[in-house]
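> My structure is in start_18.cif, and what it holds is mmCIF, C-alpha atoms:
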data_start
#
loop_
_atom_site.label_atom_id
_atom_site.label_comp_id
_atom_site.auth_asym_id
_atom_site.auth_seq_id
_atom_site.Cartn_x
_atom_site.Cartn_y
_atom_site.Cartn_z
CA MET A 7 0.00 0.00 0.00
CA GLU A 8 1.11 3.47 -0.71
CA GLY A 9 1.23 6.27 1.84
CA HIS A 10 -1.91 8.05 0.75
CA GLU A 11 -3.88 4.77 0.76
CA LEU A 12 -2.75 4.09 4.32
CA LEU A 13 -3.76 7.59 5.33
CA GLU A 14 -7.20 7.17 3.71
CA SER A 15 -7.84 3.81 5.39
CA SER A 16 -6.74 5.29 8.72
CA GLU A 17 -9.15 8.21 8.27
CA GLN A 18 -11.97 5.84 7.32
CA ALA A 19 -11.34 3.70 10.41
CA GLN A 20 -11.27 6.78 12.61
CA HIS A 21 -14.44 8.09 10.97
CA ALA A 22 -16.20 4.75 11.60
CA GLY A 23 -15.08 4.85 15.25
CA ASN A 24 -16.32 8.42 15.61
CA ARG A 25 -19.64 7.41 14.10
CA ARG A 26 -20.00 4.60 16.66
CA ILE A 27 -19.24 7.01 19.49
CA GLY A 28 -21.69 9.54 18.05
CA VAL A 29 -24.46 6.94 17.80
CA THR A 30 -23.70 5.86 21.36
CA MET A 31 -23.97 9.46 22.52
CA ALA A 32 -27.31 9.82 20.75
CA LEU A 33 -28.65 6.66 22.39
CA PHE A 34 -27.42 7.83 25.81
CA ALA A 35 -29.07 11.23 25.20
CA ALA A 36 -32.37 9.57 24.32
CA ALA A 37 -32.17 7.46 27.49
CA LEU A 38 -31.33 10.62 29.42
CA ALA A 39 -34.48 12.29 28.11
CA VAL A 40 -36.63 9.36 29.22
CA VAL A 41 -35.01 9.14 32.66
CA THR A 42 -35.31 12.89 33.16
CA MET A 43 -38.99 12.85 32.20
CA MET A 44 -39.71 9.98 34.61
CA GLY A 45 -37.88 11.77 37.41
CA HIS A 46 -39.82 14.98 36.79
CA ARG A 47 -43.14 13.14 36.74
CA LEU A 48 -42.34 11.42 40.02
CA HIS A 49 -41.28 14.70 41.62
CA THR A 50 -44.57 16.24 40.49
CA GLU A 51 -46.47 13.31 41.98
CA GLU A 52 -44.48 13.75 45.18
CA VAL A 53 -45.49 17.42 45.42
CA VAL A 54 -49.15 16.56 44.82
CA LEU A 55 -49.04 13.92 47.56
CA GLN A 56 -47.27 16.30 49.94
CA THR A 57 -50.02 18.85 49.35
CA GLN A 58 -52.71 16.25 49.98
CA ALA A 59 -50.92 15.17 53.17
CA ALA A 60 -50.66 18.77 54.37
CA ASP A 61 -54.38 19.21 53.70
CA GLY A 62 -55.06 15.97 55.55
CA TRP A 63 -53.09 17.11 58.59
CA ALA A 64 -54.95 20.43 58.60
CA TYR A 65 -58.28 18.59 58.43
CA TYR A 66 -57.16 16.25 61.22
CA GLN A 67 -56.24 19.25 63.37
CA ALA A 68 -59.64 20.86 62.75
CA LYS A 69 -61.47 17.64 63.67
CA ASN A 70 -59.28 17.16 66.74
CA SER A 71 -59.89 20.76 67.88
CA ARG A 72 -63.62 20.38 67.33
CA SER A 73 -63.61 17.17 69.39
CA GLN A 74 -61.87 18.95 72.25
CA MET A 75 -64.28 21.87 72.00
CA TYR A 76 -67.29 19.53 72.19
CA ALA A 77 -65.75 17.73 75.18
CA ALA A 78 -65.26 21.07 76.97
CA ASP A 79 -68.85 22.07 76.13
CA ALA A 80 -70.05 18.76 77.56
CA GLN A 81 -68.21 19.45 80.80
CA LEU A 82 -69.74 22.92 81.02
CA ALA A 83 -73.23 21.54 80.37
CA ALA A 84 -72.70 18.88 83.07
CA LEU A 85 -71.97 21.65 85.57
CA GLN A 86 -75.54 22.91 85.11
CA GLY A 87 -76.89 19.86 86.88
CA ALA A 88 -79.92 17.89 85.74
CA ALA A 89 -80.92 20.51 83.17
CA GLY A 90 -77.58 20.20 81.38
CA ALA A 91 -77.25 16.41 81.58
CA ALA A 92 -79.02 15.75 78.27
CA THR A 93 -77.06 18.49 76.55
CA SER A 94 -73.86 17.14 78.06
CA LYS A 95 -74.60 13.68 76.67
CA THR A 96 -75.16 15.15 73.18
CA TRP A 97 -71.86 17.03 73.34
CA VAL A 98 -70.00 13.90 74.53
CA GLU A 99 -71.40 11.97 71.55
CA LYS A 100 -70.38 14.74 69.15
CA ALA A 101 -66.90 14.81 70.70
CA ALA A 102 -66.58 11.04 70.24
CA ASP A 103 -67.72 11.28 66.60
CA GLU A 104 -65.21 14.03 65.88
CA ARG A 105 -62.43 12.04 67.60
CA LYS A 106 -63.29 8.96 65.53
CA GLY A 107 -63.26 11.04 62.34
CA ALA A 108 -59.95 12.64 63.33
CA ASP A 109 -58.40 9.21 63.93
CA GLU A 110 -59.55 7.98 60.49
CA ILE A 111 -58.10 11.08 58.86
CA ARG A 112 -54.83 10.65 60.77
CA HIS A 113 -54.47 7.06 59.54
CA SER A 114 -55.16 7.98 55.91
CA THR A 115 -52.78 10.95 56.12
CA GLU A 116 -50.04 8.78 57.61
CA GLU A 117 -50.50 6.45 54.62
CA LEU A 118 -50.16 9.45 52.29
CA ASP A 119 -46.93 10.38 54.09
CA ARG A 120 -45.57 6.85 53.54
CA GLU A 121 -46.57 6.94 49.87
CA THR A 122 -44.93 10.34 49.47
CA LYS A 123 -41.70 8.98 50.90
CA THR A 124 -41.77 6.01 48.50
CA ILE A 125 -42.36 8.29 45.50
CA ALA A 126 -39.49 10.54 46.64
CA GLU A 127 -37.15 7.55 46.86
CA ARG A 128 -38.15 6.41 43.37
CA ALA A 129 -37.61 9.93 42.00
CA THR A 130 -34.17 9.99 43.61
CA ARG A 131 -33.24 6.77 41.73
CA PHE A 132 -34.18 8.47 38.44
CA ASP A 133 -32.16 11.56 39.42
CA GLU A 134 -29.14 9.36 40.10
CA ALA A 135 -29.64 7.56 36.77
CA GLU A 136 -29.74 10.97 35.08
CA VAL A 137 -26.35 11.87 36.56
CA PHE A 138 -24.77 8.62 35.38
CA LEU A 139 -26.13 9.09 31.85
CA GLU A 140 -24.76 12.63 31.78
CA ILE A 141 -21.36 11.29 32.84
CA ALA A 142 -21.57 8.65 30.09
CA ILE A 143 -22.28 11.35 27.50
CA VAL A 144 -19.36 13.43 28.74
CA LEU A 145 -17.07 10.41 28.52
CA CYS A 146 -18.20 9.86 24.91
CA SER A 147 -17.41 13.50 24.18
CA VAL A 148 -13.95 13.09 25.69
CA ALA A 149 -13.49 9.97 23.56
CA LEU A 150 -14.29 11.98 20.43
CA LEU A 151 -11.97 14.83 21.41
CA THR A 152 -9.05 12.62 22.41
CA ALA A 153 -9.64 9.86 19.86
CA SER A 154 -9.30 7.46 22.79
CA ARG A 155 -11.44 4.37 22.63
CA GLY A 156 -10.93 3.83 26.38
CA PHE A 157 -13.17 6.74 27.37
CA TRP A 158 -15.89 5.41 25.09
CA LEU A 159 -15.70 1.97 26.68
CA ILE A 160 -15.77 3.44 30.20
CA SER A 161 -18.92 5.38 29.27
CA PHE A 162 -20.79 2.08 29.13
CA ALA A 163 -20.17 1.59 32.86
CA GLY A 164 -21.99 4.85 33.59
CA ALA A 165 -24.81 3.86 31.27
CA ALA A 166 -25.08 0.45 32.94
CA ALA A 167 -25.28 2.10 36.38
CA ALA A 168 -27.99 4.39 35.02
CA VAL A 169 -29.99 1.43 33.69
CA VAL A 170 -29.81 -0.30 37.08
CA LEU A 171 -30.86 2.85 38.95
CA ALA A 172 -33.70 3.58 36.52
CA ALA A 173 -34.92 -0.02 36.84
CA LEU A 174 -34.87 0.31 40.63
CA GLY A 175 -36.85 3.54 40.35
CA ALA A 176 -39.36 2.01 37.98
CA LEU A 177 -39.84 -1.29 39.78
CA SER A 178 -39.81 -0.27 43.44
CA ARG A 179 -43.18 0.35 45.02
#
Take the structure in the file and give it back as structure tokens.

Amino acid sequence: MEGHELLESSEQAQHAGNRRIGVTMALFAAALAVVTMMGHRLHTEEVVLQTQAADGWAYYQAKNSRSQMYAADAQLAALQGAAGAATSKTWVEKAADERKGADEIRHSTEELDRETKTIAERATRFDEAEVFLEIAIVLCSVALLTASRGFWLISFAGAAAAVVLAALGALSR
């Protein structure tokens, strides 16, 4: 082979390698878009659940306060003797109903808090996957700039970590 033929075949091999790295970067970028979207959706769901939990705790507090108010009213009515006994009984029943309702709300709100925590953990897995995909893309860029195949190969480790983290985020409940 002559010199110019060797140079051409070297350029073609390098061009093919660059094309592989470029395609890899594009695939990593597409995966990054999916992982980012999933993370954002989970964070939005987390905020919605946090808002519902905050509303639940406010409702619980209102029910609890009302229960205590009815109990205090019952005690005041009982102080009026026989005339207040019937009224006192009514207020005691209302206080018990409010307490029961408050307890039900507390249990459902505690469940919302647990669900919110689970969603937040899943979102964190997607955030971590996003970071590893970004690192993989940077390593591909370095491989293109340095013409070093090693950086390209190392980028697959970051992508593999991202796949594992995204799977954990998607599958955990």
> I want to know what sits within 12 Å of range 144-152 of chain A, based on only C-alpha atoms, with residues of the same chain fewer than 3 positions away left out; could you give that as an mmCIF file with C-alpha atoms, keeping the file's coordinate frame?

data_model
loop_
_atom_site.group_PDB
_atom_site.id
_atom_site.type_symbol
_atom_site.label_atom_id
_atom_site.label_comp_id
_atom_site.auth_asym_id
_atom_site.auth_seq_id
_atom_site.Cartn_x
_atom_site.Cartn_y
_atom_site.Cartn_z
ATOM 1 C CA GLN A 20 -11.270 6.780 12.610
ATOM 2 C CA HIS A 21 -14.440 8.090 10.970
ATOM 3 C CA ALA A 22 -16.200 4.750 11.600
ATOM 4 C CA GLY A 23 -15.080 4.850 15.250
ATOM 5 C CA ASN A 24 -16.320 8.420 15.610
ATOM 6 C CA ARG A 25 -19.640 7.410 14.100
ATOM 7 C CA ARG A 26 -20.000 4.600 16.660
ATOM 8 C CA ILE A 27 -19.240 7.010 19.490
ATOM 9 C CA GLY A 28 -21.690 9.540 18.050
ATOM 10 C CA VAL A 29 -24.460 6.940 17.800
ATOM 11 C CA THR A 30 -23.700 5.860 21.360
ATOM 12 C CA MET A 31 -23.970 9.460 22.520
ATOM 13 C CA ALA A 32 -27.310 9.820 20.750
ATOM 14 C CA LEU A 33 -28.650 6.660 22.390
ATOM 15 C CA PHE A 34 -27.420 7.830 25.810
ATOM 16 C CA ALA A 35 -29.070 11.230 25.200
ATOM 17 C CA VAL A 137 -26.350 11.870 36.560
ATOM 18 C CA PHE A 138 -24.770 8.620 35.380
ATOM 19 C CA LEU A 139 -26.130 9.090 31.850
ATOM 20 C CA GLU A 140 -24.760 12.630 31.780
ATOM 21 C CA ILE A 141 -21.360 11.290 32.840
ATOM 22 C CA ARG A 155 -11.440 4.370 22.630
ATOM 23 C CA GLY A 156 -10.930 3.830 26.380
ATOM 24 C CA PHE A 157 -13.170 6.740 27.370
ATOM 25 C CA TRP A 158 -15.890 5.410 25.090
ATOM 26 C CA LEU A 159 -15.700 1.970 26.680
ATOM 27 C CA ILE A 160 -15.770 3.440 30.200
ATOM 28 C CA SER A 161 -18.920 5.380 29.270
ATOM 29 C CA PHE A 162 -20.790 2.080 29.130
ATOM 30 C CA ALA A 163 -20.170 1.590 32.860
ATOM 31 C CA GLY A 164 -21.990 4.850 33.590
ATOM 32 C CA ALA A 165 -24.810 3.860 31.270
#
> Could you please determine the separation between CA of Ile125 in chain A and CA of Glu52 in chain A in Å, to one decimal place?
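One can read the CA of Ile125 in chain A to CA of Glu52 in chain A distance as 5.9 Å.
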> Could you give me the centre and size, in Å to one decimal, of an axis-aligned box around all listed atoms of range 47-60 of chain A with 5 Å added on every side, as JSON?

{"center_x": -47.0, "center_y": 15.1, "center_z": 45.6, "size_x": 21.4, "size_y": 17.4, "size_z": 27.6}
> I'd like the contact shell of Thr96 in chain A - 10 Å cut-off, only C-alpha atoms, skipping same-chain residues fewer than 2 positions apart - returned as a PyMOL selection string.
chain A and resi 76-77+79-80+83+90-94+98-102
> Those same residues - C-alpha atoms - I'd like them written as a PDB file, keeping the file's coordinate frame.

ATOM      1  CA  TYR A  76     -67.290  19.530  72.190  1.00  0.00           C
ATOM      2  CA  ALA A  77     -65.750  17.730  75.180  1.00  0.00           C
ATOM      3  CA  ASP A  79     -68.850  22.070  76.130  1.00  0.00           C
ATOM      4  CA  ALA A  80     -70.050  18.760  77.560  1.00  0.00           C
ATOM      5  CA  ALA A  83     -73.230  21.540  80.370  1.00  0.00           C
ATOM      6  CA  GLY A  90     -77.580  20.200  81.380  1.00  0.00           C
ATOM      7  CA  ALA A  91     -77.250  16.410  81.580  1.00  0.00           C
ATOM      8  CA  ALA A  92     -79.020  15.750  78.270  1.00  0.00           C
ATOM      9  CA  THR A  93     -77.060  18.490  76.550  1.00  0.00           C
ATOM     10  CA  SER A  94     -73.860  17.140  78.060  1.00  0.00           C
ATOM     11  CA  VAL A  98     -70.000  13.900  74.530  1.00  0.00           C
ATOM     12  CA  GLU A  99     -71.400  11.970  71.550  1.00  0.00           C
ATOM     13  CA  LYS A 100     -70.380  14.740  69.150  1.00  0.00           C
ATOM     14  CA  ALA A 101     -66.900  14.810  70.700  1.00  0.00           C
ATOM     15  CA  ALA A 102     -66.580  11.040  70.240  1.00  0.00           C
TER      16      ALA A 102
END
> One decimal, in Å: what's the spacing between CA of Trp97 in chain A and CA of Ala60 in chain A?
28.5 Å
> Here is a test: counting all atoms listed in the file, which residue of A:Leu55, A:Asn70, A:Leu82, A:Ala172 is nearest to Glu136 in chain A?
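Closest to Glu136 in chain A, using all atoms listed in the file: A:Ala172.
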> Would you write out, as a PyMOL selection string, every residue that the PyMOL selection byres ((chain A and resi 175) around 8) captures in this file?
chain A and resi 127-132+171-174+176-178
> To one decimal place, how far is CA of Glu116 in chain A from CA of Gln67 in chain A in Å?
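Straight-line distance from CA of Glu116 in chain A to CA of Gln67 in chain A works out to 13.5 Å.
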> For Glu121 in chain A, which residue among A:His46, A:Ala36, A:Tyr66, A:Gln56 is the nearest when counting all atoms listed in the file?
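With all atoms listed in the file as the atom set, the closest residue is A:Gln56.
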> When you count only C-alpha atoms, which of these residues is closest to Met44 in chain A: A:Ala142, A:Ala135, A:Ala108, A:Ala167?
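Closest candidate: A:Ala135.
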> Run the PyMOL selection byres ((chain A and resi 111) around 10) mentally over the shown coordinates, then write out the matched residues as JSON, numbers by chain, using the chain letters and numbers from the document.
{"A": [62, 63, 64, 65, 66, 67, 69, 105, 106, 107, 108, 109, 110, 112, 113, 114, 115, 116, 117]}
> Counting all atoms listed in the file, which residue out of A:Leu85, A:Leu48, A:Met43, A:Ala168 sits closest to Ile143 in chain A?
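Checking each candidate against Ile143 in chain A, we get A:Ala168 as the closest.
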> Rank nothing, just name the residue among A:Gln74, A:Gln81, A:Ser154, A:Thr50 nearest to Thr122 in chain A, using all atoms listed in the file.
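That would be A:Thr50, the residue with the smallest distance to Thr122 in chain A.
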> I'd like to know which of A:Ala37, A:Ala84, A:Ala153, A:Ala59 is closest to Arg120 in chain A, using all atoms listed in the file.
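So, comparing all the options, the nearest one is A:Ala59.
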